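Q: To be precise about what I am sending: the file is called protein_28.tsv and holds TSV, C-alpha atoms.
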```
chain	number	residue	atom	x	y	z
A	284	MET	CA	0.00	0.00	0.00
A	285	GLY	CA	1.05	3.59	-0.48
A	286	GLU	CA	1.57	6.36	2.00
A	287	ALA	CA	-1.31	8.10	3.70
A	288	LYS	CA	-2.74	11.06	1.79
A	289	VAL	CA	-4.45	13.95	3.52
A	290	GLY	CA	-5.75	17.39	2.60
A	291	PRO	CA	-4.89	18.60	-0.92
A	292	GLU	CA	-2.94	15.39	-1.64
A	293	PHE	CA	-6.06	13.32	-0.93
A	294	ILE	CA	-8.18	15.53	-3.21
A	295	LYS	CA	-5.58	15.10	-5.96
A	296	HIS	CA	-5.64	11.32	-5.40
A	297	GLU	CA	-9.44	11.21	-5.62
A	298	PHE	CA	-9.40	13.15	-8.89
A	299	ASP	CA	-6.59	10.99	-10.30
A	300	GLU	CA	-8.60	7.87	-9.52
A	301	ALA	CA	-11.88	9.26	-10.85
A	302	ILE	CA	-10.21	10.43	-14.08
A	303	SER	CA	-8.44	7.13	-14.70
A	304	ILE	CA	-11.59	5.10	-14.01
A	305	GLN	CA	-13.64	7.42	-16.22
A	306	ARG	CA	-11.13	6.90	-19.04
A	307	THR	CA	-11.55	3.16	-18.58
A	308	ILE	CA	-15.35	3.52	-18.71
A	309	VAL	CA	-15.16	5.53	-21.95
A	310	GLN	CA	-12.82	3.01	-23.57
A	311	ALA	CA	-15.01	0.11	-22.44
A	312	GLU	CA	-18.17	1.76	-23.77
A	313	GLU	CA	-16.47	2.39	-27.10
A	314	ARG	CA	-15.59	-1.29	-27.44
A	315	LEU	CA	-18.58	-2.95	-25.77
A	316	GLY	CA	-21.03	-0.60	-27.49
A	317	ALA	CA	-19.81	-1.99	-30.80
A	318	VAL	CA	-19.91	-5.72	-29.96
A	319	HIS	CA	-22.65	-6.19	-27.37
A	320	PRO	CA	-25.05	-8.97	-28.42
A	321	GLN	CA	-28.20	-7.06	-27.39
A	322	ALA	CA	-29.33	-4.14	-29.54
A	323	GLU	CA	-30.97	-2.27	-26.64
A	324	ALA	CA	-27.89	-2.68	-24.45
A	325	LYS	CA	-25.77	-1.32	-27.32
A	326	ARG	CA	-28.01	1.75	-27.46
A	327	VAL	CA	-27.79	2.26	-23.68
A	328	ILE	CA	-24.00	1.93	-23.77
A	329	GLN	CA	-23.61	4.24	-26.76
A	330	ARG	CA	-25.90	6.83	-25.13
A	331	GLY	CA	-23.86	6.57	-21.94
A	332	LEU	CA	-20.64	7.02	-23.91
A	333	LYS	CA	-21.54	10.55	-24.98
A	334	GLU	CA	-22.32	11.60	-21.42
A	335	ASP	CA	-19.25	9.82	-20.04
A	336	GLN	CA	-16.97	11.57	-22.53
A	337	GLN	CA	-18.37	14.88	-21.27
A	338	PHE	CA	-17.89	13.81	-17.64
A	339	LEU	CA	-14.29	12.82	-18.46
A	340	ARG	CA	-13.56	16.28	-19.88
A	341	GLN	CA	-15.05	17.89	-16.75
A	342	LEU	CA	-13.09	15.62	-14.41
A	343	GLU	CA	-9.88	16.36	-16.29
A	344	GLN	CA	-10.51	20.10	-16.08
A	345	LEU	CA	-11.40	20.05	-12.37
A	346	GLY	CA	-8.57	17.63	-11.66
A	347	ARG	CA	-6.01	19.96	-13.24
A	348	GLU	CA	-7.05	22.60	-10.71
A	349	HIS	CA	-5.99	20.16	-7.99
A	350	GLY	CA	-2.84	18.88	-9.72
A	351	ALA	CA	-4.47	15.65	-10.94
A	352	SER	CA	-4.04	14.23	-14.41
A	353	GLY	CA	-5.51	10.74	-14.10
A	354	LYS	CA	-2.49	8.96	-12.70
A	355	VAL	CA	-3.36	5.26	-12.48
A	356	GLU	CA	-2.92	4.00	-8.95
A	357	GLU	CA	-3.56	0.59	-7.38
A	358	VAL	CA	-7.38	0.39	-7.33
A	359	ALA	CA	-7.90	2.05	-10.69
A	360	GLY	CA	-5.14	-0.07	-12.24
A	361	SER	CA	-6.73	-3.29	-11.02
A	362	LEU	CA	-10.16	-2.30	-12.30
A	363	GLN	CA	-8.63	-1.19	-15.60
A	364	GLN	CA	-6.92	-4.56	-16.04
A	365	LEU	CA	-10.13	-6.46	-15.22
A	366	MET	CA	-12.08	-4.40	-17.76
A	367	GLN	CA	-9.42	-4.98	-20.41
A	368	THR	CA	-9.37	-8.73	-19.77
A	369	THR	CA	-13.14	-9.12	-20.00
A	370	LEU	CA	-13.38	-6.93	-23.11
A	371	GLU	CA	-10.85	-9.12	-24.94
A	372	SER	CA	-13.30	-12.03	-25.01
A	373	ALA	CA	-16.59	-10.06	-25.16
A	374	GLU	CA	-17.14	-10.96	-28.81
A	375	GLU	CA	-16.64	-14.70	-28.28
A	376	ALA	CA	-19.91	-15.52	-26.54
A	377	GLU	CA	-22.86	-13.82	-24.89
A	378	SER	CA	-21.65	-15.03	-21.51
A	379	GLU	CA	-18.32	-13.26	-22.12
A	380	ALA	CA	-20.14	-10.05	-23.11
A	381	TYR	CA	-22.14	-10.48	-19.90
A	382	GLU	CA	-18.89	-10.49	-17.89
A	383	ALA	CA	-17.61	-7.34	-19.60
A	384	HIS	CA	-20.99	-5.67	-19.10
A	385	ALA	CA	-20.89	-6.58	-15.38
A	386	VAL	CA	-17.41	-5.08	-14.98
A	387	LEU	CA	-18.54	-1.89	-16.74
A	388	LEU	CA	-21.47	-1.68	-14.31
A	389	ASN	CA	-19.07	-2.07	-11.37
A	390	LEU	CA	-16.91	0.76	-12.72
A	391	LYS	CA	-20.00	2.97	-12.92
A	392	ARG	CA	-20.92	2.12	-9.34
A	393	LYS	CA	-17.37	2.96	-8.24
A	394	GLN	CA	-17.78	6.33	-9.92
A	395	GLN	CA	-21.04	6.90	-8.05
A	396	ASP	CA	-19.08	6.57	-4.81
A	397	SER	CA	-16.42	8.96	-6.10
A	398	ALA	CA	-19.03	11.49	-7.17
A	399	THR	CA	-20.73	11.38	-3.77
A	400	ALA	CA	-17.40	11.93	-2.01
A	401	MET	CA	-16.53	14.80	-4.38
A	402	LEU	CA	-19.90	16.37	-3.76
A	403	LYS	CA	-19.44	16.27	0.01
A	404	MET	CA	-15.87	17.59	-0.26
A	405	ALA	CA	-17.02	20.42	-2.55
A	406	ARG	CA	-19.79	21.42	-0.14
A	407	THR	CA	-17.41	21.43	2.81
A	408	MET	CA	-14.82	23.42	0.83
A	409	LYS	CA	-17.59	25.74	-0.48
A	410	ASP	CA	-16.39	25.06	-4.03
A	411	THR	CA	-19.53	25.68	-6.10
A	412	LYS	CA	-17.91	24.75	-9.42
A	413	MET	CA	-16.84	21.36	-8.11
A	414	ARG	CA	-20.19	20.92	-6.32
A	415	ASP	CA	-22.22	21.53	-9.47
A	416	ALA	CA	-20.05	19.21	-11.54
A	417	ALA	CA	-20.13	16.50	-8.87
A	418	GLN	CA	-23.94	16.72	-8.63
A	419	ALA	CA	-24.34	16.25	-12.38
A	420	PHE	CA	-21.72	13.49	-12.39
A	421	GLU	CA	-23.38	11.60	-9.52
A	422	LYS	CA	-26.87	11.87	-11.03
A	423	GLY	CA	-25.76	10.89	-14.53
A	424	THR	CA	-23.66	7.99	-13.28
A	425	ARG	CA	-26.47	6.73	-11.04
A	426	GLU	CA	-29.01	6.80	-13.88
A	427	SER	CA	-26.58	5.17	-16.30
A	428	ALA	CA	-25.73	2.43	-13.79
A	429	LYS	CA	-29.43	1.74	-13.30
A	430	GLU	CA	-29.95	1.34	-17.06
A	431	LEU	CA	-26.87	-0.88	-17.34
A	432	ALA	CA	-28.07	-3.04	-14.45
A	433	ASN	CA	-31.45	-3.48	-16.12
A	434	GLN	CA	-29.81	-4.47	-19.42
A	435	LEU	CA	-27.45	-6.84	-17.60
A	436	SER	CA	-30.36	-8.65	-15.97
A	437	MET	CA	-32.09	-8.96	-19.35
A	438	LEU	CA	-28.93	-10.47	-20.83
A	439	ALA	CA	-28.73	-12.89	-17.90
A	440	VAL	CA	-32.26	-14.09	-18.61
A	441	ARG	CA	-31.47	-14.43	-22.32
A	442	ILE	CA	-28.36	-16.51	-21.62
A	443	ALA	CA	-30.03	-18.63	-18.94
A	444	THR	CA	-32.99	-19.53	-21.13
A	445	GLN	CA	-31.06	-20.50	-24.26
A	446	ASN	CA	-30.97	-24.11	-25.34
A	447	GLU	CA	-27.87	-25.90	-26.65
A	448	ASN	CA	-28.46	-24.47	-30.15
A	449	GLY	CA	-28.36	-20.91	-28.83
A	450	ARG	CA	-32.08	-20.42	-29.36
A	451	GLN	CA	-34.69	-19.14	-26.97
A	452	PRO	CA	-37.47	-21.58	-25.98
A	453	GLY	CA	-40.32	-21.68	-28.49
A	454	ARG	CA	-38.19	-20.47	-31.41
```
Would you mind writing the file's structure down as C-alpha coordinates?

A:
Amino acid sequence: MGEAKVGPEFIKHEFDEAISIQRTIVQAEERLGAVHPQAEAKRVIQRGLKEDQQFLRQLEQLGREHGASGKVEEVAGSLQQLMQTTLESAEEAESEAYEAHAVLLNLKRKQQDSATAMLKMARTMKDTKMRDAAQAFEKGTRESAKELANQLSMLAVRIATQNENGRQPGR
(Lines of atoms letter the chains of each structure in order from A and count residues from 1; the text may use other names and numbers.)
(Lines give C-alpha, C1' and ligand atoms only; values in the text may rest on other atoms or scores of the structure.)
Protein backbone atom coordinates (compact mmCIF):
# COMPACT_ATOMS: atom_id res chain seq x y z
CA MET A 1 0.00 0.00 0.00
CA GLY A 2 1.05 3.59 -0.48
CA GLU A 3 1.57 6.36 2.00
CA ALA A 4 -1.31 8.10 3.70
CA LYS A 5 -2.74 11.06 1.79
CA VAL A 6 -4.45 13.95 3.52
CA GLY A 7 -5.75 17.39 2.60
CA PRO A 8 -4.89 18.60 -0.92
CA GLU A 9 -2.94 15.39 -1.64
CA PHE A 10 -6.06 13.32 -0.93
CA ILE A 11 -8.18 15.53 -3.21
CA LYS A 12 -5.58 15.10 -5.96
CA HIS A 13 -5.64 11.32 -5.40
CA GLU A 14 -9.44 11.21 -5.62
CA PHE A 15 -9.40 13.15 -8.89
CA ASP A 16 -6.59 10.99 -10.30
CA GLU A 17 -8.60 7.87 -9.52
CA ALA A 18 -11.88 9.26 -10.85
CA ILE A 19 -10.21 10.43 -14.08
CA SER A 20 -8.44 7.13 -14.70
CA ILE A 21 -11.59 5.10 -14.01
CA GLN A 22 -13.64 7.42 -16.22
CA ARG A 23 -11.13 6.90 -19.04
CA THR A 24 -11.55 3.16 -18.58
CA ILE A 25 -15.35 3.52 -18.71
CA VAL A 26 -15.16 5.53 -21.95
CA GLN A 27 -12.82 3.01 -23.57
CA ALA A 28 -15.01 0.11 -22.44
CA GLU A 29 -18.17 1.76 -23.77
CA GLU A 30 -16.47 2.39 -27.10
CA ARG A 31 -15.59 -1.29 -27.44
CA LEU A 32 -18.58 -2.95 -25.77
CA GLY A 33 -21.03 -0.60 -27.49
CA ALA A 34 -19.81 -1.99 -30.80
CA VAL A 35 -19.91 -5.72 -29.96
CA HIS A 36 -22.65 -6.19 -27.37
CA PRO A 37 -25.05 -8.97 -28.42
CA GLN A 38 -28.20 -7.06 -27.39
CA ALA A 39 -29.33 -4.14 -29.54
CA GLU A 40 -30.97 -2.27 -26.64
CA ALA A 41 -27.89 -2.68 -24.45
CA LYS A 42 -25.77 -1.32 -27.32
CA ARG A 43 -28.01 1.75 -27.46
CA VAL A 44 -27.79 2.26 -23.68
CA ILE A 45 -24.00 1.93 -23.77
CA GLN A 46 -23.61 4.24 -26.76
CA ARG A 47 -25.90 6.83 -25.13
CA GLY A 48 -23.86 6.57 -21.94
CA LEU A 49 -20.64 7.02 -23.91
CA LYS A 50 -21.54 10.55 -24.98
CA GLU A 51 -22.32 11.60 -21.42
CA ASP A 52 -19.25 9.82 -20.04
CA GLN A 53 -16.97 11.57 -22.53
CA GLN A 54 -18.37 14.88 -21.27
CA PHE A 55 -17.89 13.81 -17.64
CA LEU A 56 -14.29 12.82 -18.46
CA ARG A 57 -13.56 16.28 -19.88
CA GLN A 58 -15.05 17.89 -16.75
CA LEU A 59 -13.09 15.62 -14.41
CA GLU A 60 -9.88 16.36 -16.29
CA GLN A 61 -10.51 20.10 -16.08
CA LEU A 62 -11.40 20.05 -12.37
CA GLY A 63 -8.57 17.63 -11.66
CA ARG A 64 -6.01 19.96 -13.24
CA GLU A 65 -7.05 22.60 -10.71
CA HIS A 66 -5.99 20.16 -7.99
CA GLY A 67 -2.84 18.88 -9.72
CA ALA A 68 -4.47 15.65 -10.94
CA SER A 69 -4.04 14.23 -14.41
CA GLY A 70 -5.51 10.74 -14.10
CA LYS A 71 -2.49 8.96 -12.70
CA VAL A 72 -3.36 5.26 -12.48
CA GLU A 73 -2.92 4.00 -8.95
CA GLU A 74 -3.56 0.59 -7.38
CA VAL A 75 -7.38 0.39 -7.33
CA ALA A 76 -7.90 2.05 -10.69
CA GLY A 77 -5.14 -0.07 -12.24
CA SER A 78 -6.73 -3.29 -11.02
CA LEU A 79 -10.16 -2.30 -12.30
CA GLN A 80 -8.63 -1.19 -15.60
CA GLN A 81 -6.92 -4.56 -16.04
CA LEU A 82 -10.13 -6.46 -15.22
CA MET A 83 -12.08 -4.40 -17.76
CA GLN A 84 -9.42 -4.98 -20.41
CA THR A 85 -9.37 -8.73 -19.77
CA THR A 86 -13.14 -9.12 -20.00
CA LEU A 87 -13.38 -6.93 -23.11
CA GLU A 88 -10.85 -9.12 -24.94
CA SER A 89 -13.30 -12.03 -25.01
CA ALA A 90 -16.59 -10.06 -25.16
CA GLU A 91 -17.14 -10.96 -28.81
CA GLU A 92 -16.64 -14.70 -28.28
CA ALA A 93 -19.91 -15.52 -26.54
CA GLU A 94 -22.86 -13.82 -24.89
CA SER A 95 -21.65 -15.03 -21.51
CA GLU A 96 -18.32 -13.26 -22.12
CA ALA A 97 -20.14 -10.05 -23.11
CA TYR A 98 -22.14 -10.48 -19.90
CA GLU A 99 -18.89 -10.49 -17.89
CA ALA A 100 -17.61 -7.34 -19.60
CA HIS A 101 -20.99 -5.67 -19.10
CA ALA A 102 -20.89 -6.58 -15.38
CA VAL A 103 -17.41 -5.08 -14.98
CA LEU A 104 -18.54 -1.89 -16.74
CA LEU A 105 -21.47 -1.68 -14.31
CA ASN A 106 -19.07 -2.07 -11.37
CA LEU A 107 -16.91 0.76 -12.72
CA LYS A 108 -20.00 2.97 -12.92
CA ARG A 109 -20.92 2.12 -9.34
CA LYS A 110 -17.37 2.96 -8.24
CA GLN A 111 -17.78 6.33 -9.92
CA GLN A 112 -21.04 6.90 -8.05
CA ASP A 113 -19.08 6.57 -4.81
CA SER A 114 -16.42 8.96 -6.10
CA ALA A 115 -19.03 11.49 -7.17
CA THR A 116 -20.73 11.38 -3.77
CA ALA A 117 -17.40 11.93 -2.01
CA MET A 118 -16.53 14.80 -4.38
CA LEU A 119 -19.90 16.37 -3.76
CA LYS A 120 -19.44 16.27 0.01
CA MET A 121 -15.87 17.59 -0.26
CA ALA A 122 -17.02 20.42 -2.55
CA ARG A 123 -19.79 21.42 -0.14
CA THR A 124 -17.41 21.43 2.81
CA MET A 125 -14.82 23.42 0.83
CA LYS A 126 -17.59 25.74 -0.48
CA ASP A 127 -16.39 25.06 -4.03
CA THR A 128 -19.53 25.68 -6.10
CA LYS A 129 -17.91 24.75 -9.42
CA MET A 130 -16.84 21.36 -8.11
CA ARG A 131 -20.19 20.92 -6.32
CA ASP A 132 -22.22 21.53 -9.47
CA ALA A 133 -20.05 19.21 -11.54
CA ALA A 134 -20.13 16.50 -8.87
CA GLN A 135 -23.94 16.72 -8.63
CA ALA A 136 -24.34 16.25 -12.38
CA PHE A 137 -21.72 13.49 -12.39
CA GLU A 138 -23.38 11.60 -9.52
CA LYS A 139 -26.87 11.87 -11.03
CA GLY A 140 -25.76 10.89 -14.53
CA THR A 141 -23.66 7.99 -13.28
CA ARG A 142 -26.47 6.73 -11.04
CA GLU A 143 -29.01 6.80 -13.88
CA SER A 144 -26.58 5.17 -16.30
CA ALA A 145 -25.73 2.43 -13.79
CA LYS A 146 -29.43 1.74 -13.30
CA GLU A 147 -29.95 1.34 -17.06
CA LEU A 148 -26.87 -0.88 -17.34
CA ALA A 149 -28.07 -3.04 -14.45
CA ASN A 150 -31.45 -3.48 -16.12
CA GLN A 151 -29.81 -4.47 -19.42
CA LEU A 152 -27.45 -6.84 -17.60
CA SER A 153 -30.36 -8.65 -15.97
CA MET A 154 -32.09 -8.96 -19.35
CA LEU A 155 -28.93 -10.47 -20.83
CA ALA A 156 -28.73 -12.89 -17.90
CA VAL A 157 -32.26 -14.09 -18.61
CA ARG A 158 -31.47 -14.43 -22.32
CA ILE A 159 -28.36 -16.51 -21.62
CA ALA A 160 -30.03 -18.63 -18.94
CA THR A 161 -32.99 -19.53 -21.13
CA GLN A 162 -31.06 -20.50 -24.26
CA ASN A 163 -30.97 -24.11 -25.34
CA GLU A 164 -27.87 -25.90 -26.65
CA ASN A 165 -28.46 -24.47 -30.15
CA GLY A 166 -28.36 -20.91 -28.83
CA ARG A 167 -32.08 -20.42 -29.36
CA GLN A 168 -34.69 -19.14 -26.97
CA PRO A 169 -37.47 -21.58 -25.98
CA GLY A 170 -40.32 -21.68 -28.49
CA ARG A 171 -38.19 -20.47 -31.41

Q: Taking (-31.3, 3.4, -17.4) in the file's coordinates as the center, which residues reach within 12 Å of it, counting only C-alpha atoms, put as a list in words?

A: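 So the residues meeting the distance criterion are Glu323, Ala324, Arg326, Val327, Ile328, Arg330, Gly331, Leu388, Lys422, Gly423, Thr424, Arg425, Glu426, Ser427, Ala428, Lys429, Glu430, Leu431, Ala432, Asn433, Gln434 and Leu435 of chain A.
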
Q: Let me make sure I understand: among A:Gly346, A:Gly360, A:Pro320, A:Gly353, which one has the smallest atom-to-atom distance to A:Arg441 if we use all atoms listed in the file?

A: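 Ranking A:Gly346, A:Gly360, A:Pro320, A:Gly353 by distance to A:Arg441, first place goes to A:Pro320.
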
Q: Around all of stretch 362-368 of chain A's listed atoms, make the axis-aligned box with 3 Å on each side and tell me centre and edge lengths in Å to one decimal, as lines of an AutoDock Vina configuration file.

A:
```
center_x = -9.5
center_y = -5.0
center_z = -16.4
size_x = 11.2
size_y = 13.5
size_z = 14.1
```

Q: Hey, which of A:Gln344, A:Gln329, A:Gln418, A:Thr399 ends up closest to A:Asp299? Count only C-alpha atoms.

A: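 For A:Asp299, the nearest of the given residues is A:Gln344.
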
Q: Give me, please, the distance in Å between atom CA of A:Glu357 and atom CA of A:Lys391, quoted to one decimal.

A: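 Atom CA of A:Lys391 lies at a distance of 17.5 Å from atom CA of A:Glu357.
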
Q: In terms of the shortest atom-to-atom distance over all atoms listed in the file, which of A:Asp335, A:Leu345, A:Val289, A:Val440 is closest to A:Asp410?

A: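 Of all the options, A:Leu345 lies closest to A:Asp410.
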
Q: Considering all atoms listed in the file, return as a PyMOL selection string whatever protein or nucleic-acid residues lie within 9 Å of A:Val355, sequence-local ones (same chain, fewer than 5 positions apart) excluded.

A: chain A and resi 299-300+302-304+360+363

Q: Report the distance between atom CA of A:Arg306 and atom CA of A:Lys412 in Å, rounded to one decimal place.

A: 21.4 Å

Q: Take atom CA of A:Ser397 and atom CA of A:Phe420 and report the distance between them in Å, one decimal.

A: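 Separating atom CA of A:Ser397 from atom CA of A:Phe420 is a distance of 9.4 Å.
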